[in-house]
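Source file structure31.csv; content: CSV, C-alpha atoms.
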chain,number,residue,atom,x,y,z
A,20,MET,CA,46.1,7.8,-56.1
A,21,ASP,CA,45.9,11.0,-58.0
A,22,PRO,CA,43.9,13.4,-55.8
A,23,CYS,CA,42.8,15.4,-58.9
A,24,SER,CA,41.6,12.5,-60.9
A,25,ASP,CA,38.1,13.8,-60.4
A,26,GLN,CA,37.6,17.1,-62.1
A,27,PRO,CA,34.9,19.6,-61.1
A,28,GLU,CA,31.7,18.0,-62.2
A,29,ARG,CA,28.5,19.8,-63.0
A,30,VAL,CA,25.9,17.5,-61.3
A,31,SER,CA,22.9,19.8,-61.8
A,32,ALA,CA,21.9,23.2,-63.1
A,33,ARG,CA,23.0,24.7,-59.8
A,34,ARG,CA,25.6,22.4,-58.4
A,35,VAL,CA,29.3,21.6,-59.0
A,36,ARG,CA,30.8,18.6,-57.2
A,37,VAL,CA,34.5,18.0,-56.7
A,38,ARG,CA,35.7,14.7,-55.3
A,39,LEU,CA,39.3,14.7,-53.9
A,40,GLU,CA,41.2,11.7,-52.7
A,41,GLY,CA,44.4,10.7,-50.8
A,42,VAL,CA,47.0,13.2,-49.6
A,43,LEU,CA,46.3,16.8,-50.6
A,44,ASP,CA,49.2,19.2,-51.1
A,45,ARG,CA,49.4,22.8,-52.3
A,46,ASP,CA,50.4,21.9,-55.9
A,47,GLN,CA,47.4,19.7,-56.4
A,48,ILE,CA,45.1,22.5,-55.1
A,49,ASP,CA,46.8,25.0,-57.4
A,50,GLN,CA,46.2,22.7,-60.3
A,51,LEU,CA,42.6,22.3,-59.4
A,52,ARG,CA,41.9,26.0,-58.8
A,53,PRO,CA,41.4,27.4,-62.4
A,54,LYS,CA,39.1,24.5,-63.3
A,55,LEU,CA,37.1,24.8,-60.1
A,56,LEU,CA,36.8,28.6,-60.5
A,57,ASP,CA,35.8,28.2,-64.1
A,58,ALA,CA,33.1,25.7,-63.1
A,59,ILE,CA,31.8,28.1,-60.4
A,60,ASP,CA,31.7,31.0,-62.9
A,61,ARG,CA,29.3,29.0,-65.0
A,62,LEU,CA,26.9,28.4,-62.2
A,63,PRO,CA,23.8,30.6,-61.9
A,64,ARG,CA,23.5,33.1,-59.0
A,65,ARG,CA,23.5,31.3,-55.7
A,66,GLY,CA,25.0,28.1,-57.0
A,67,GLU,CA,26.1,25.2,-54.9
A,68,LEU,CA,29.6,23.7,-54.5
A,69,LEU,CA,30.0,20.3,-52.9
A,70,LEU,CA,33.6,19.4,-52.0
A,71,ASP,CA,33.7,15.7,-51.3
A,72,LEU,CA,36.7,15.0,-49.1
A,73,VAL,CA,35.5,11.6,-47.8
A,74,GLU,CA,38.4,9.8,-49.4
A,75,VAL,CA,41.0,12.4,-48.4
A,76,THR,CA,43.5,10.9,-45.8
A,77,GLU,CA,45.7,13.9,-45.2
A,78,CYS,CA,45.5,17.6,-45.9
A,79,ALA,CA,48.7,19.7,-45.5
A,80,ILE,CA,48.4,23.2,-44.0
A,81,ALA,CA,49.7,24.6,-47.3
A,82,ALA,CA,46.8,22.8,-49.1
A,83,CYS,CA,44.4,24.3,-46.5
A,84,ARG,CA,45.7,27.8,-47.2
A,85,ALA,CA,45.4,27.2,-51.0
A,86,LEU,CA,41.8,26.0,-50.6
A,87,ALA,CA,41.0,28.9,-48.3
A,88,LEU,CA,42.1,31.3,-51.1
A,89,VAL,CA,39.9,29.3,-53.6
A,90,GLN,CA,37.1,29.5,-51.1
A,91,ARG,CA,37.4,33.3,-51.0
A,92,LYS,CA,36.8,33.4,-54.8
A,93,VAL,CA,33.8,31.1,-54.3
A,94,ARG,CA,32.5,33.5,-51.6
A,95,ALA,CA,32.7,36.4,-54.1
A,96,SER,CA,30.5,34.3,-56.5
A,97,GLY,CA,27.8,34.0,-53.9
A,98,ALA,CA,27.7,30.2,-54.1
A,99,ARG,CA,27.1,28.1,-51.0
A,100,THR,CA,29.7,25.4,-50.2
A,101,ALA,CA,29.6,22.1,-48.2
A,102,TYR,CA,32.8,20.2,-47.3
A,103,LEU,CA,31.9,16.6,-46.8
A,104,THR,CA,34.4,14.6,-44.7
A,105,ALA,CA,34.8,11.2,-43.0
A,106,ARG,CA,37.8,11.7,-40.8
A,107,ALA,CA,38.0,14.1,-37.8
A,108,ARG,CA,41.4,15.5,-39.0
A,109,ILE,CA,40.0,16.4,-42.4
A,110,HIS,CA,36.9,17.8,-40.8
A,111,GLY,CA,39.2,20.1,-38.8
A,112,ALA,CA,41.0,21.1,-42.0
A,113,ALA,CA,37.6,22.0,-43.5
A,114,TRP,CA,36.8,24.1,-40.4
A,115,TRP,CA,40.1,25.9,-40.9
A,116,ILE,CA,39.5,26.5,-44.5
A,117,VAL,CA,35.9,27.9,-44.1
A,118,HIS,CA,37.0,30.0,-41.2
A,119,ALA,CA,40.1,31.4,-42.8
A,120,SER,CA,38.2,32.2,-46.0
A,121,ARG,CA,35.6,34.2,-44.1
A,122,ASP,CA,33.0,32.7,-46.4
A,123,PRO,CA,29.8,32.7,-44.3
A,124,HIS,CA,28.1,30.3,-46.7
A,125,ALA,CA,30.6,27.5,-46.4
A,126,MET,CA,30.2,24.7,-43.9
A,127,PRO,CA,31.9,21.3,-43.0
A,128,VAL,CA,29.4,18.4,-42.8
A,129,ILE,CA,29.6,14.7,-42.2
A,130,HIS,CA,26.7,13.3,-44.1
A,131,MET,CA,25.1,14.0,-47.5
A,132,ASP,CA,21.8,14.8,-45.7
A,133,GLN,CA,23.6,17.6,-43.8
A,134,ALA,CA,25.2,18.8,-47.1
A,135,GLU,CA,21.8,19.0,-48.9
A,136,GLN,CA,20.3,20.8,-46.0
A,137,TRP,CA,23.2,23.4,-45.9
A,138,LEU,CA,23.4,23.9,-49.6
A,139,GLN,CA,19.7,24.5,-49.9
A,140,GLY,CA,19.4,26.7,-46.9
A,141,ASP,CA,19.9,30.4,-46.4
A,142,ALA,CA,21.6,30.8,-43.1
A,143,GLN,CA,25.1,32.1,-42.5
A,144,ARG,CA,27.5,29.7,-40.8
A,145,LEU,CA,28.2,31.6,-37.6
A,146,ASP,CA,24.6,32.6,-37.1
A,147,GLU,CA,23.6,29.0,-37.6
A,148,LEU,CA,26.2,27.6,-35.2
A,149,HIS,CA,25.2,30.2,-32.6
A,150,ALA,CA,21.5,29.5,-33.0
A,151,ARG,CA,22.0,25.8,-32.7
A,152,SER,CA,24.1,26.1,-29.6
A,153,THR,CA,21.8,28.6,-27.9
A,154,ARG,CA,18.8,26.3,-28.7
A,155,ALA,CA,20.6,23.2,-27.4
A,156,ILE,CA,21.7,24.9,-24.2
A,157,GLU,CA,18.2,26.3,-23.5
A,158,ARG,CA,16.7,22.8,-24.0
A,159,ALA,CA,19.3,21.2,-21.8
A,160,ARG,CA,18.8,23.9,-19.1
A,161,HIS,CA,15.0,23.3,-19.2
A,162,ARG,CA,15.4,19.6,-19.0
A,163,CYS,CA,17.9,19.7,-16.2
A,164,ALA,CA,15.6,22.0,-14.2
A,165,GLN,CA,12.7,19.6,-14.7
A,166,GLU,CA,14.8,16.7,-13.5
A,167,GLY,CA,16.6,18.6,-10.7
A,168,VAL,CA,20.1,18.2,-12.1
A,169,GLU,CA,22.1,20.7,-10.0
A,170,ARG,CA,24.9,22.9,-11.2
B,14,MET,CA,43.9,34.5,-37.7
B,15,HIS,CA,41.8,35.2,-40.8
B,16,LEU,CA,43.8,35.4,-44.0
B,17,GLY,CA,45.0,38.9,-44.4
B,18,THR,CA,43.0,40.6,-41.6
B,19,ARG,CA,44.1,42.4,-38.5
B,20,LEU,CA,42.2,42.8,-35.2
B,21,PRO,CA,41.1,46.3,-34.3
B,22,PHE,CA,43.2,47.9,-31.5
B,23,SER,CA,40.4,47.9,-28.9
B,24,LEU,CA,39.7,44.2,-29.4
B,25,ARG,CA,43.4,43.4,-29.3
B,26,ILE,CA,43.7,45.0,-25.9
B,27,THR,CA,40.5,43.2,-24.7
B,28,ALA,CA,41.9,39.9,-25.9
B,29,ARG,CA,45.2,40.5,-24.1
B,30,LEU,CA,43.3,41.3,-20.8
B,31,ILE,CA,41.1,38.2,-21.2
B,32,ASN,CA,44.2,36.1,-22.0
B,33,ALA,CA,46.0,37.3,-18.9
B,34,ALA,CA,43.0,36.6,-16.8
B,35,VAL,CA,42.6,33.1,-18.2
B,36,ARG,CA,46.3,32.4,-17.7
B,37,LEU,CA,46.1,33.5,-14.1
B,38,VAL,CA,43.0,31.4,-13.3
B,39,TYR,CA,43.8,28.3,-15.4
B,40,GLY,CA,47.5,28.3,-15.6
B,41,ASP,CA,47.9,28.7,-19.4
B,42,ALA,CA,46.2,30.4,-22.3
B,43,ARG,CA,46.7,31.2,-26.0
B,44,LEU,CA,46.3,34.8,-27.2
B,45,GLU,CA,45.6,33.7,-30.8
B,46,VAL,CA,42.5,31.8,-29.6
B,47,ASN,CA,41.1,34.7,-27.5
B,48,GLU,CA,41.7,37.1,-30.3
B,49,GLU,CA,39.9,34.8,-32.8
B,50,LEU,CA,36.9,34.3,-30.4
B,51,LEU,CA,36.5,38.1,-30.0
B,52,ASP,CA,37.1,38.9,-33.6
B,53,THR,CA,34.6,36.3,-34.9
B,54,MET,CA,31.9,36.6,-32.3
B,55,GLY,CA,32.2,40.2,-31.1
B,56,TRP,CA,32.4,40.8,-27.4
B,57,ARG,CA,28.7,40.7,-26.6
B,58,ARG,CA,28.2,37.3,-28.2
B,59,TYR,CA,31.5,36.1,-26.7
B,60,VAL,CA,30.3,37.0,-23.2
B,61,ARG,CA,27.0,35.2,-23.7
B,62,VAL,CA,28.7,32.1,-25.1
B,63,ILE,CA,31.1,31.9,-22.2
B,64,ARG,CA,28.3,32.5,-19.6
B,65,ASP,CA,26.2,29.7,-21.2
B,66,THR,CA,29.2,27.4,-21.4
B,67,TYR,CA,29.9,27.7,-17.7
B,68,ALA,CA,26.2,26.9,-16.9
B,69,LEU,CA,26.3,23.8,-19.3
B,70,VAL,CA,29.6,22.5,-17.8
B,71,GLY,CA,28.1,23.0,-14.3
B,72,SER,CA,25.2,20.8,-15.3
B,73,MET,CA,27.5,18.2,-16.9
B,74,ASN,CA,29.7,18.1,-13.8
B,75,ALA,CA,26.7,17.4,-11.7
B,76,ARG,CA,25.6,14.6,-14.0
B,77,TYR,CA,28.8,12.9,-15.1
B,78,GLY,CA,31.5,14.2,-12.7
B,79,GLU,CA,34.3,16.6,-13.6
B,80,ALA,CA,36.6,14.1,-15.3
B,81,ASP,CA,34.0,12.5,-17.6
B,82,THR,CA,32.6,16.0,-18.5
B,83,GLN,CA,36.1,16.9,-19.6
B,84,PHE,CA,36.4,13.7,-21.7
B,85,LEU,CA,33.0,14.3,-23.3
B,86,ILE,CA,34.0,17.9,-24.2
B,87,GLY,CA,37.3,16.6,-25.6
B,88,MET,CA,35.5,14.0,-27.7
B,89,SER,CA,33.1,16.6,-29.1
B,90,ALA,CA,36.1,18.7,-30.1
B,91,MET,CA,37.8,15.7,-31.5
B,92,TRP,CA,35.0,14.9,-34.0
B,93,ASN,CA,35.4,18.4,-35.2
B,94,GLY,CA,39.1,17.9,-35.7
B,95,CYS,CA,40.4,20.5,-33.2
B,96,GLY,CA,43.6,19.5,-31.4
B,97,PHE,CA,43.5,22.6,-29.2
B,98,CYS,CA,40.2,21.7,-27.5
B,99,SER,CA,40.3,17.9,-27.8
B,100,TYR,CA,43.9,17.4,-26.5
B,101,GLY,CA,43.4,20.0,-23.8
B,102,HIS,CA,40.1,18.8,-22.4
B,103,VAL,CA,41.1,15.1,-22.6
B,104,LEU,CA,44.4,16.1,-20.7
B,105,THR,CA,42.2,17.8,-18.1
B,106,GLY,CA,40.0,14.7,-17.7
B,107,ALA,CA,43.1,12.4,-17.5
B,108,LEU,CA,44.8,14.7,-14.9
B,109,LEU,CA,41.6,14.7,-12.7
B,110,VAL,CA,41.6,10.9,-12.8
B,111,TYR,CA,45.3,10.7,-12.1
B,112,ARG,CA,45.0,13.2,-9.2
B,113,ASP,CA,41.9,11.6,-7.6
B,114,ARG,CA,42.5,7.9,-8.2
B,115,GLY,CA,46.2,7.7,-9.0
B,116,VAL,CA,45.7,5.8,-12.3
B,117,LEU,CA,46.4,6.7,-15.9
B,118,HIS,CA,43.2,6.9,-17.9
B,119,PRO,CA,43.5,5.2,-21.3
B,120,LEU,CA,42.2,8.3,-23.1
B,121,HIS,CA,45.0,10.8,-23.5
B,122,ALA,CA,46.1,13.4,-26.1
B,123,GLU,CA,48.3,11.0,-28.2
B,124,VAL,CA,45.4,8.5,-28.5
B,125,VAL,CA,43.1,11.4,-29.6
B,126,ALA,CA,45.6,12.3,-32.3
B,127,GLU,CA,45.5,8.7,-33.6
B,128,LEU,CA,41.7,8.7,-33.5
B,129,MET,CA,41.5,11.9,-35.5
B,130,ASP,CA,43.3,10.3,-38.4
B,131,MET,CA,40.9,7.4,-38.7
B,132,ARG,CA,37.6,7.2,-40.5
B,133,THR,CA,34.9,7.8,-38.0
B,134,GLU,CA,33.5,4.3,-37.9
B,135,ARG,CA,37.0,2.9,-37.2
B,136,ALA,CA,37.6,5.6,-34.5
B,137,LEU,CA,34.4,4.5,-32.8
B,138,GLU,CA,35.5,0.8,-32.8
B,139,ALA,CA,38.9,1.9,-31.4
B,140,LEU,CA,37.2,3.9,-28.7
B,141,GLN,CA,35.3,0.8,-27.6
B,142,GLU,CA,38.5,-1.1,-27.2
B,143,ILE,CA,40.3,1.8,-25.5
B,144,LEU,CA,37.4,2.4,-23.1
B,145,CYS,CA,36.6,-1.3,-22.3
B,146,ASP,CA,37.0,-0.5,-18.6
B,147,TYR,CA,34.9,2.7,-18.9
B,148,PRO,CA,31.7,1.5,-20.5
B,149,ALA,CA,29.5,4.3,-19.2
B,150,LEU,CA,31.8,6.9,-20.8
B,151,TYR,CA,31.9,5.0,-24.0
B,152,GLU,CA,28.1,4.9,-24.2
B,153,GLN,CA,27.9,8.6,-23.7
B,154,ILE,CA,30.5,9.3,-26.4
B,155,LEU,CA,28.7,6.9,-28.8
B,156,ARG,CA,25.3,8.6,-28.0
B,157,MET,CA,26.8,12.1,-28.5
B,158,TYR,CA,28.2,11.0,-31.9
B,159,ALA,CA,24.9,9.6,-32.9
B,160,LEU,CA,23.2,12.9,-32.0
B,161,ARG,CA,25.9,14.7,-34.0
B,162,ALA,CA,25.2,12.5,-37.0
B,163,GLY,CA,21.5,13.2,-36.8
B,164,ARG,CA,20.6,9.6,-36.2
B,165,PHE,CA,18.0,10.6,-33.7
B,166,ARG,CA,16.6,13.6,-31.8
B,167,PRO,CA,17.4,14.2,-28.1
B,168,GLU,CA,15.0,12.3,-25.8
B,169,THR,CA,16.5,12.0,-22.4
B,170,THR,CA,18.3,14.5,-20.1
B,171,ASP,CA,21.6,12.9,-21.1
B,172,ASP,CA,20.7,13.5,-24.8
B,173,TYR,CA,20.0,17.2,-24.2
B,174,LEU,CA,23.2,17.7,-22.3
B,175,LEU,CA,25.3,15.8,-24.9
B,176,ASP,CA,23.7,17.6,-27.8
B,177,ALA,CA,24.3,20.9,-26.1
B,178,CYS,CA,28.0,19.9,-25.4
B,179,HIS,CA,28.4,19.0,-29.1
B,180,GLN,CA,26.8,22.2,-30.4
B,181,VAL,CA,28.7,24.5,-28.1
B,182,TRP,CA,32.1,23.0,-28.9
B,183,THR,CA,31.3,23.1,-32.6
B,184,LEU,CA,30.8,26.8,-32.2
B,185,TYR,CA,34.1,27.1,-30.3
B,186,VAL,CA,36.0,25.1,-32.9
B,187,GLU,CA,35.0,27.7,-35.5
B,188,CYS,CA,37.6,29.8,-33.7
B,189,THR,CA,40.0,27.5,-31.9
B,190,ILE,CA,40.8,25.7,-35.1
B,191,VAL,CA,43.3,28.5,-35.9
B,192,LEU,CA,45.6,26.7,-33.5
B,193,GLY,CA,43.8,23.3,-33.4
B,194,LEU,CA,44.6,22.2,-36.9
B,195,THR,CA,48.4,22.1,-36.3
B,196,MET,CA,48.7,21.7,-32.6
B,197,GLU,CA,50.7,18.6,-31.4
B,198,PRO,CA,49.4,16.4,-28.5
B,199,ASP,CA,52.5,17.3,-26.3
B,200,GLU,CA,51.6,21.0,-26.6
B,201,ALA,CA,48.2,20.4,-24.8
B,202,PHE,CA,47.3,22.3,-21.7
B,203,CYS,CA,44.1,22.6,-19.7
B,204,PRO,CA,42.1,25.3,-21.4
B,205,ALA,CA,39.5,26.0,-18.8
B,206,HIS,CA,40.2,24.1,-15.5
B,207,THR,CA,42.1,25.2,-12.5
B,208,ILE,CA,43.9,21.9,-12.4
B,209,GLY,CA,46.1,23.4,-15.2
B,210,ARG,CA,47.8,25.5,-12.5
B,211,ASP,CA,49.1,22.4,-10.8
B,212,LYS,CA,52.3,22.2,-12.8
B,213,ARG,CA,53.8,19.5,-10.5
B,214,LEU,CA,50.8,17.3,-11.1
B,215,ILE,CA,51.1,17.8,-14.8
B,216,ALA,CA,54.8,16.9,-14.7
B,217,ARG,CA,54.1,13.8,-12.6
B,218,TYR,CA,51.3,12.7,-15.0
B,219,ARG,CA,53.6,13.1,-18.0
B,220,ARG,CA,56.4,11.1,-16.4
B,221,ALA,CA,53.9,8.4,-15.5
B,222,LEU,CA,52.5,8.3,-19.0
B,223,GLU,CA,56.0,8.1,-20.4
B,224,ARG,CA,56.9,5.2,-18.1
B,225,GLU,CA,53.7,3.4,-19.1
B,226,ARG,CA,54.6,3.9,-22.7
B,227,MET,CA,58.0,2.4,-22.3
B,228,VAL,CA,56.6,-0.6,-20.4
B,229,SER,CA,54.0,-1.2,-23.2
B,230,GLY,CA,56.7,-1.0,-25.9
B,231,GLY,CA,56.5,2.6,-27.0
B,232,GLY,CA,53.3,2.3,-28.8
B,233,GLY,CA,51.1,3.9,-26.1
B,234,TYR,CA,47.7,2.3,-25.4
B,235,THR,CA,46.7,1.6,-29.0
B,236,PRO,CA,49.6,-0.1,-30.7
B,237,ASP,CA,47.4,-2.1,-33.0
B,238,LEU,CA,45.2,0.8,-34.3
B,239,ASP,CA,45.3,1.0,-38.0
B,240,THR,CA,44.6,4.5,-39.2
B,241,THR,CA,44.3,3.6,-42.9
B,242,THR,CA,40.8,2.2,-42.5
Step by step, read the file and then write its structure as structure tokens.
Amino acid sequence: MDPCSDQPERVSARRVRVRLEGVLDRDQIDQLRPKLLDAIDRLPRRGELLLDLVEVTECAIAACRALALVQRKVRASGARTAYLTARARIHGAAWWIVHASRDPHAMPVIHMDQAEQWLQGDAQRLDELHARSTRAIERARHRCAQEGVER
Amino acid sequence: MHLGTRLPFSLRITARLINAAVRLVYGDARLEVNEELLDTMGWRRYVRVIRDTYALVGSMNARYGEADTQFLIGMSAMWNGCGFCSYGHVLTGALLVYRDRGVLHPLHAEVVAELMDMRTERALEALQEILCDYPALYEQILRMYALRAGRFRPETTDDYLLDACHQVWTLYVECTIVLGLTMEPDEAFCPAHTIGRDKRLIARYRRALERERMVSGGGGYTPDLDTTT
């Protein structure tokens, strides 16, 4: 399958969607890059980018690096990004990309609901992750104390 | 490490000290991960997260036992695609089982690597086969995944613990993925358990696993798993 068969698609006034498939390598990302950045440039301020990687089966480290460089450009545009994945390995690749790009407005997700929530929210990724873990730990601690689960 | 950035001198020294301490206590450590944690979180948040993690793991140990706690942490990291955490914590769980009961647990780093390449639904089916003799562990893994997918909100004490485990290791993966994306299963070590210091046990476990692999035809425990679906 040609992983770039789907071009960046403007799905709404604020959103660009890119659907990739199969095995991703650096050349394919380099080919995609100008079209994607052009599509992002046309978005209004605080646009949304949905990278649909559900049908991606492999993502080479060179492709991750290339996508991280693209993500840095996206960061500069102020757009929020969601990486939608269906395989743990590709989810890990998405984590690597968003982390390496240092884009606080990019997040890997596993469902469209989560993607919508992220794209329409305001939070920065690290703050969100930290807040979620702190809340979850506090609730678990409270519950364990109620039930007498010892440490 | 982030693309094109360099850690300040003071944090580099702090990361080296932490790394040396972790290596001393747990038998192994990776400087890149400790640098990344400090660089990303800052030392105050880093200390808070580590403190909270120890408390959570203590509660999980009390609830599930040490081995299953390690497997659950490993699975949480696996869904996030991090080889560093998932291989390491699963190895820790498997070593605990091997030390205490003298048996090889069906979940080990090579199996986790296979599961990570599958679509999630297929990985859950495969886990059910792999853990057929460990139904309680499978149920907890399934429940943790359902919480992660937002299929329901936590209701029971188990739910709250599993949700916290998932949330905390998602936060870690933000940093550990710098090594976790390319790490191989045979590079796994115990990231936060003193059993990692027992190098003889680790060597014995690896030899036993290799023997088991040869007996089962070289395909490990999951020879029929199809990663294309």
Q | Residues of chain B within 6 Å of chain A, counting all atoms listed in the file, as a ChimeraX atom specification | A | /B:15-16,71-72,75,92-95,129-133,170,173-174,177,180-181,184,190
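For the pair CA of Glu142 (chain B) and CA of Met131 (chain A), the separation is 28.6 Å.
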Q) Which value, in Å to one decimal, gives the distance between CA of Val60 (chain B) and CA of Ile86 (chain B)? A)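 So the answer is 19.5 Å.
The interatomic distance for the pair CA of Arg135 (chain B) and CA of Leu85 (chain B) works out to 18.4 Å.
With only C-alpha atoms taken into account, every residue lying no more than 10 Å from the file point (47.5, 21.4, -11.3) is included here: B:Tyr39, B:Gly40, B:Thr105, B:Leu108, B:Leu109, B:Arg112, B:Cys203, B:His206, B:Thr207, B:Ile208, B:Gly209, B:Arg210, B:Asp211, B:Lys212, B:Arg213, B:Leu214, B:Ile215, B:Ala216.
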Q: Identify, on the basis of all atoms listed in the file, every residue whose closest approach to region 31-36 of chain A does not exceed 7 Å; exclude the query and any residue fewer than 4 positions from it along the same chain; express the result as a list in words.
A: Pro27, Ala58, Leu62, Pro63, Gly66, Glu67, Leu68, Leu69 and Leu70 of chain A
Q. Nearest to Ala201 (chain B): which of B:Asp81, B:Glu123, B:Asp172, B:Asp65 is it, counting only C-alpha atoms?
A.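 Counting only C-alpha atoms, the residue closest to Ala201 (chain B) is B:Glu123.
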Q) Which protein, DNA or RNA residues have an atom at most 9 Å from (38.7, 8.6, -51.3), counting only C-alpha atoms? List them as a PyMOL selection string. A) chain A and resi 20+22+38-41+71-76
Q: Could you check which of A:Asp141, A:Ala125, A:Leu86, A:Ile59 is closest to Gln47 (chain A), using only C-alpha atoms?
A: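 That would be A:Leu86, the residue with the smallest distance to Gln47 (chain A).
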